[in-house]
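See below for protein.cif, which holds mmCIF, C-alpha atoms.
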```
data_model
loop_
_atom_site.label_atom_id
_atom_site.label_comp_id
_atom_site.auth_asym_id
_atom_site.auth_seq_id
_atom_site.Cartn_x
_atom_site.Cartn_y
_atom_site.Cartn_z
CA MET A 1 18.28 -30.96 20.00
CA LYS A 2 18.06 -28.17 17.49
CA LYS A 3 19.16 -30.56 14.74
CA SER A 4 16.51 -33.12 15.66
CA LEU A 5 13.82 -30.40 15.75
CA PHE A 6 14.74 -29.32 12.21
CA LEU A 7 14.78 -32.96 11.13
CA TYR A 8 11.28 -33.51 12.55
CA LEU A 9 10.01 -30.29 10.95
CA PHE A 10 11.55 -31.33 7.66
CA ILE A 11 9.95 -34.79 7.84
CA VAL A 12 6.54 -33.34 8.80
CA SER A 13 6.68 -30.73 6.03
CA PHE A 14 7.77 -33.42 3.55
CA LEU A 15 4.84 -35.64 4.59
CA MET A 16 2.45 -32.66 4.31
CA MET A 17 3.76 -32.01 0.80
CA ILE A 18 3.21 -35.65 -0.19
CA PHE A 19 -0.33 -35.68 1.25
CA THR A 20 -1.14 -32.37 -0.47
CA TYR A 21 0.23 -33.65 -3.77
CA MET A 22 -1.76 -36.89 -3.48
CA TYR A 23 -4.93 -35.00 -2.55
CA TYR A 24 -4.78 -32.60 -5.49
CA SER A 25 -3.76 -35.27 -7.99
CA LYS A 26 -6.72 -37.47 -6.96
CA LYS A 27 -9.00 -34.44 -6.94
CA VAL A 28 -8.11 -33.68 -10.57
CA LYS A 29 -8.73 -37.30 -11.54
CA PHE A 30 -12.03 -37.33 -9.63
CA GLU A 31 -13.16 -34.07 -11.31
CA ALA A 32 -12.21 -35.43 -14.76
CA GLU A 33 -14.23 -38.61 -14.16
CA ARG A 34 -17.14 -36.56 -12.83
CA PHE A 35 -17.00 -34.31 -15.90
CA GLU A 36 -17.05 -37.31 -18.24
CA LYS A 37 -20.07 -38.80 -16.45
CA LEU A 38 -21.85 -35.46 -16.63
CA LYS A 39 -20.96 -35.13 -20.32
CA VAL A 40 -22.44 -38.57 -21.08
CA LYS A 41 -25.56 -37.75 -19.07
CA MET A 42 -25.99 -34.42 -20.88
CA ASN A 43 -25.57 -36.07 -24.29
CA ASP A 44 -28.22 -38.61 -23.32
CA SER A 45 -30.52 -35.79 -22.20
CA ILE A 46 -29.97 -33.88 -25.42
CA GLN A 47 -30.69 -36.99 -27.47
CA SER A 48 -33.83 -37.64 -25.44
CA LEU A 49 -35.03 -34.06 -25.98
CA ASN A 50 -34.29 -34.31 -29.70
CA ASN A 51 -36.36 -37.49 -29.85
CA GLN A 52 -39.22 -35.78 -28.01
CA VAL A 53 -39.14 -32.82 -30.39
CA PHE A 54 -39.11 -35.17 -33.39
CA GLU A 55 -42.08 -37.10 -32.00
CA ALA A 56 -43.95 -33.89 -31.20
CA ASN A 57 -43.40 -32.59 -34.72
CA TYR A 58 -44.21 -35.87 -36.47
CA PHE A 59 -47.68 -34.65 -37.48
CA THR A 60 -46.70 -31.37 -39.09
CA LEU A 61 -46.52 -30.24 -42.67
CA LEU A 62 -42.83 -29.45 -42.23
CA ASN A 63 -42.07 -33.12 -41.49
CA ASN A 64 -44.59 -34.79 -43.81
CA ASP A 65 -42.86 -35.58 -47.11
CA ASN A 66 -46.01 -36.94 -48.76
CA ALA A 67 -47.94 -33.76 -48.00
CA GLN A 68 -45.01 -31.65 -49.18
CA ASN A 69 -44.92 -33.59 -52.45
CA TYR A 70 -48.63 -32.84 -52.89
CA LEU A 71 -47.86 -29.14 -52.43
CA GLU A 72 -44.73 -29.16 -54.57
CA ASP A 73 -45.68 -25.88 -56.30
CA TYR A 74 -45.63 -23.99 -52.99
CA SER A 75 -42.99 -22.85 -50.57
CA ILE A 76 -44.02 -24.71 -47.41
CA PRO A 77 -42.81 -22.10 -44.88
CA LYS A 78 -44.53 -19.31 -46.85
CA LEU A 79 -47.73 -21.36 -47.10
CA ILE A 80 -47.76 -22.04 -43.35
CA SER A 81 -47.16 -18.35 -42.68
CA LYS A 82 -50.02 -17.42 -45.03
CA ILE A 83 -52.38 -19.90 -43.34
CA GLU A 84 -51.50 -18.56 -39.89
CA GLN A 85 -51.91 -14.98 -41.05
CA ASN A 86 -55.33 -15.68 -42.62
CA LEU A 87 -56.59 -17.44 -39.51
CA MET A 88 -55.35 -14.69 -37.21
CA GLU A 89 -56.98 -12.01 -39.38
CA LEU A 90 -60.33 -13.74 -38.78
CA ASN A 91 -59.88 -12.96 -35.06
CA ASP A 92 -60.59 -9.29 -35.86
CA ASN A 93 -64.27 -10.06 -36.46
CA PRO A 94 -66.33 -8.31 -33.72
CA GLU A 95 -68.32 -11.51 -33.13
CA GLY A 96 -65.17 -13.62 -32.79
CA ASN A 97 -63.41 -15.94 -35.19
CA PRO A 98 -66.04 -17.45 -37.53
CA LEU A 99 -64.13 -20.75 -37.59
CA VAL A 100 -64.94 -21.26 -33.92
CA GLU A 101 -68.45 -22.68 -33.73
CA TYR A 102 -69.19 -21.04 -30.41
CA GLY A 103 -70.59 -17.51 -30.32
CA LYS A 104 -69.73 -14.69 -27.98
CA ILE A 105 -70.39 -15.21 -24.29
CA GLY A 106 -71.17 -11.80 -22.90
CA ASP A 107 -68.49 -9.42 -24.16
CA GLN A 108 -65.92 -12.18 -24.62
CA LYS A 109 -65.45 -13.42 -28.18
CA PHE A 110 -63.67 -16.65 -29.10
CA ILE A 111 -60.40 -16.19 -30.96
CA ILE A 112 -57.78 -18.60 -32.25
CA ASN A 113 -54.53 -18.53 -30.25
CA LYS A 114 -52.29 -21.27 -31.66
CA ILE A 115 -52.22 -23.03 -34.99
CA LYS A 116 -50.50 -26.20 -36.20
CA VAL A 117 -50.65 -27.17 -39.86
CA ILE A 118 -50.83 -30.95 -39.78
CA ASN A 119 -50.63 -31.78 -43.49
CA HIS A 120 -51.77 -30.58 -46.91
CA ARG A 121 -55.43 -30.49 -45.80
CA TRP A 122 -55.78 -30.21 -42.02
CA ILE A 123 -55.06 -27.67 -39.32
CA ILE A 124 -55.56 -27.95 -35.59
CA ALA A 125 -56.06 -24.73 -33.68
CA ASP A 126 -56.46 -23.74 -30.04
CA PHE A 127 -59.06 -21.09 -29.23
CA SER A 128 -60.33 -19.27 -26.16
CA ASN A 129 -62.35 -16.34 -24.98
CA GLY A 130 -60.14 -15.71 -21.97
CA ASP A 131 -62.32 -17.88 -19.75
CA LEU A 132 -63.11 -21.02 -21.76
CA TRP A 133 -60.77 -22.98 -23.99
CA GLY A 134 -61.19 -25.40 -26.87
CA GLU A 135 -59.73 -26.83 -30.03
CA VAL A 136 -60.92 -26.96 -33.61
CA LEU A 137 -59.91 -29.22 -36.48
CA LEU A 138 -60.07 -27.37 -39.79
CA GLN A 139 -59.78 -28.36 -43.41
CA TYR A 140 -58.12 -25.90 -45.76
CA LEU A 141 -58.09 -25.76 -49.52
CA ILE A 142 -55.91 -23.70 -51.83
CA GLU A 143 -58.06 -22.31 -54.62
CA GLU A 144 -56.94 -21.68 -58.20
CA ASP A 145 -56.25 -18.02 -57.38
CA GLU A 146 -54.17 -19.18 -54.38
CA GLN A 147 -56.81 -17.98 -51.92
CA LEU A 148 -57.38 -20.14 -48.88
CA THR A 149 -60.77 -21.48 -47.85
CA PHE A 150 -61.40 -23.08 -44.48
CA LYS A 151 -64.01 -25.58 -43.34
CA ILE A 152 -64.70 -26.74 -39.79
CA ILE A 153 -64.35 -30.49 -39.40
CA GLN A 154 -64.87 -30.76 -35.63
CA SER A 155 -64.44 -28.62 -32.55
CA THR A 156 -64.55 -29.13 -28.85
CA LEU A 157 -64.98 -26.78 -25.93
CA TYR A 158 -63.55 -27.83 -22.59
CA VAL A 159 -65.86 -27.46 -19.62
CA LYS A 160 -64.70 -25.19 -16.87
CA LYS A 161 -64.19 -26.94 -13.57
#
```
Show me, as structure tokens, the structure contained in the file I just sent.
Amino acid sequence: MKKSLFLYLFIVSFLMMIFTYMYYSKKVKFEAERFEKLKVKMNDSIQSLNNQVFEANYFTLLNNDNAQNYLEDYSIPKLISKIEQNLMELNDNPEGNPLVEYGKIGDQKFIINKIKVINHRWIIADFSNGDLWGEVLLQYLIEEDEQLTFKIIQSTLYVKK
């Protein structure tokens, strides 16, 4: 009887070992397949995000070869930085940024928040006074002395709902 009990225990432990081995070997295979699917999905997501960034930056001076050729005498990153700096300095005016067509409302002056240089002539900027928001399309020119002049093309103020 003792021999048969050890035989049964041996057979049961052997079967448990086989089931455990099969479980872990399939688990590794399953995890590897899952990882590969996730890797493909992540690569697709990254490619999709890259495409979205490219599309979002299509209308910028940094991606416009024709505009860059027009400005071949200038360093484009330095020019963009100079434009942004000049526009932000205009925010220091006590009456608000003069490139925003809307005057002060109470104590709140309109200032430019964000700027995007579209090409060798145009800029789009976001402005607000903390309560109301709008956008302005500007034209810029680089003078002979490398000073920048700005001209308002069009602006819009969003109504508060």
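Ranking A:Val100, A:Leu157, A:Leu90, A:Ile76 by their shortest atom-to-atom distance to Val117 in chain A, with all atoms listed in the file included, puts A:Ile76 first.
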Starting from the shown file, work through the PyMOL selection byres ((chain A and resi 130) around 12) and note down what comes out as a PDB file with C-alpha atoms, in the coordinates of the input.
```pdb
ATOM      1  CA  LYS A 104     -69.730 -14.690 -27.980  1.00  0.00           C
ATOM      2  CA  ILE A 105     -70.390 -15.210 -24.290  1.00  0.00           C
ATOM      3  CA  GLY A 106     -71.170 -11.800 -22.900  1.00  0.00           C
ATOM      4  CA  ASP A 107     -68.490  -9.420 -24.160  1.00  0.00           C
ATOM      5  CA  GLN A 108     -65.920 -12.180 -24.620  1.00  0.00           C
ATOM      6  CA  LYS A 109     -65.450 -13.420 -28.180  1.00  0.00           C
ATOM      7  CA  PHE A 110     -63.670 -16.650 -29.100  1.00  0.00           C
ATOM      8  CA  ILE A 111     -60.400 -16.190 -30.960  1.00  0.00           C
ATOM      9  CA  ILE A 112     -57.780 -18.600 -32.250  1.00  0.00           C
ATOM     10  CA  ASN A 113     -54.530 -18.530 -30.250  1.00  0.00           C
ATOM     11  CA  ASP A 126     -56.460 -23.740 -30.040  1.00  0.00           C
ATOM     12  CA  PHE A 127     -59.060 -21.090 -29.230  1.00  0.00           C
ATOM     13  CA  SER A 128     -60.330 -19.270 -26.160  1.00  0.00           C
ATOM     14  CA  ASN A 129     -62.350 -16.340 -24.980  1.00  0.00           C
ATOM     15  CA  ASP A 131     -62.320 -17.880 -19.750  1.00  0.00           C
ATOM     16  CA  LEU A 132     -63.110 -21.020 -21.760  1.00  0.00           C
ATOM     17  CA  TRP A 133     -60.770 -22.980 -23.990  1.00  0.00           C
ATOM     18  CA  GLY A 134     -61.190 -25.400 -26.870  1.00  0.00           C
ATOM     19  CA  LYS A 160     -64.700 -25.190 -16.870  1.00  0.00           C
TER      20      LYS A 160
END
```
What would the list of residues within 10 Å of (-53.7, -31.9, -39.9) (file frame) look like as a short mmCIF file (atom, residue, chain, number, x, y, z; two decimals) with C-alpha atoms, keeping the file's coordinate frame, if only C-alpha atoms are what count?
```cif
data_model
loop_
_atom_site.label_atom_id
_atom_site.label_comp_id
_atom_site.auth_asym_id
_atom_site.auth_seq_id
_atom_site.Cartn_x
_atom_site.Cartn_y
_atom_site.Cartn_z
CA PHE A 59 -47.68 -34.65 -37.48
CA THR A 60 -46.70 -31.37 -39.09
CA LEU A 61 -46.52 -30.24 -42.67
CA LYS A 116 -50.50 -26.20 -36.20
CA VAL A 117 -50.65 -27.17 -39.86
CA ILE A 118 -50.83 -30.95 -39.78
CA ASN A 119 -50.63 -31.78 -43.49
CA HIS A 120 -51.77 -30.58 -46.91
CA ARG A 121 -55.43 -30.49 -45.80
CA TRP A 122 -55.78 -30.21 -42.02
CA ILE A 123 -55.06 -27.67 -39.32
CA ILE A 124 -55.56 -27.95 -35.59
CA ALA A 125 -56.06 -24.73 -33.68
CA LEU A 137 -59.91 -29.22 -36.48
CA LEU A 138 -60.07 -27.37 -39.79
CA GLN A 139 -59.78 -28.36 -43.41
CA TYR A 140 -58.12 -25.90 -45.76
#
```
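Relative to CA of Ile153 in chain A, CA of Glu95 in chain A is found at 20.4 Å.
The space between CA of Ile142 in chain A and CA of Asn63 in chain A spans 19.7 Å.
Closest approach to Glu84 in chain A among A:Leu62, A:Ile115, A:Ile46, A:Leu148: A:Ile115, based on all atoms listed in the file.
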### Task
In Å, rounded to a single decimal, give me how far CA of Leu99 in chain A is from CA of Thr156 in chain A.
12.1 Å
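Considering the residues A:Ser4, A:Gln154, A:Asn43, A:Gln147 and counting all atoms listed in the file, Leu79 in chain A has its shortest atom-to-atom contact with A:Gln147.
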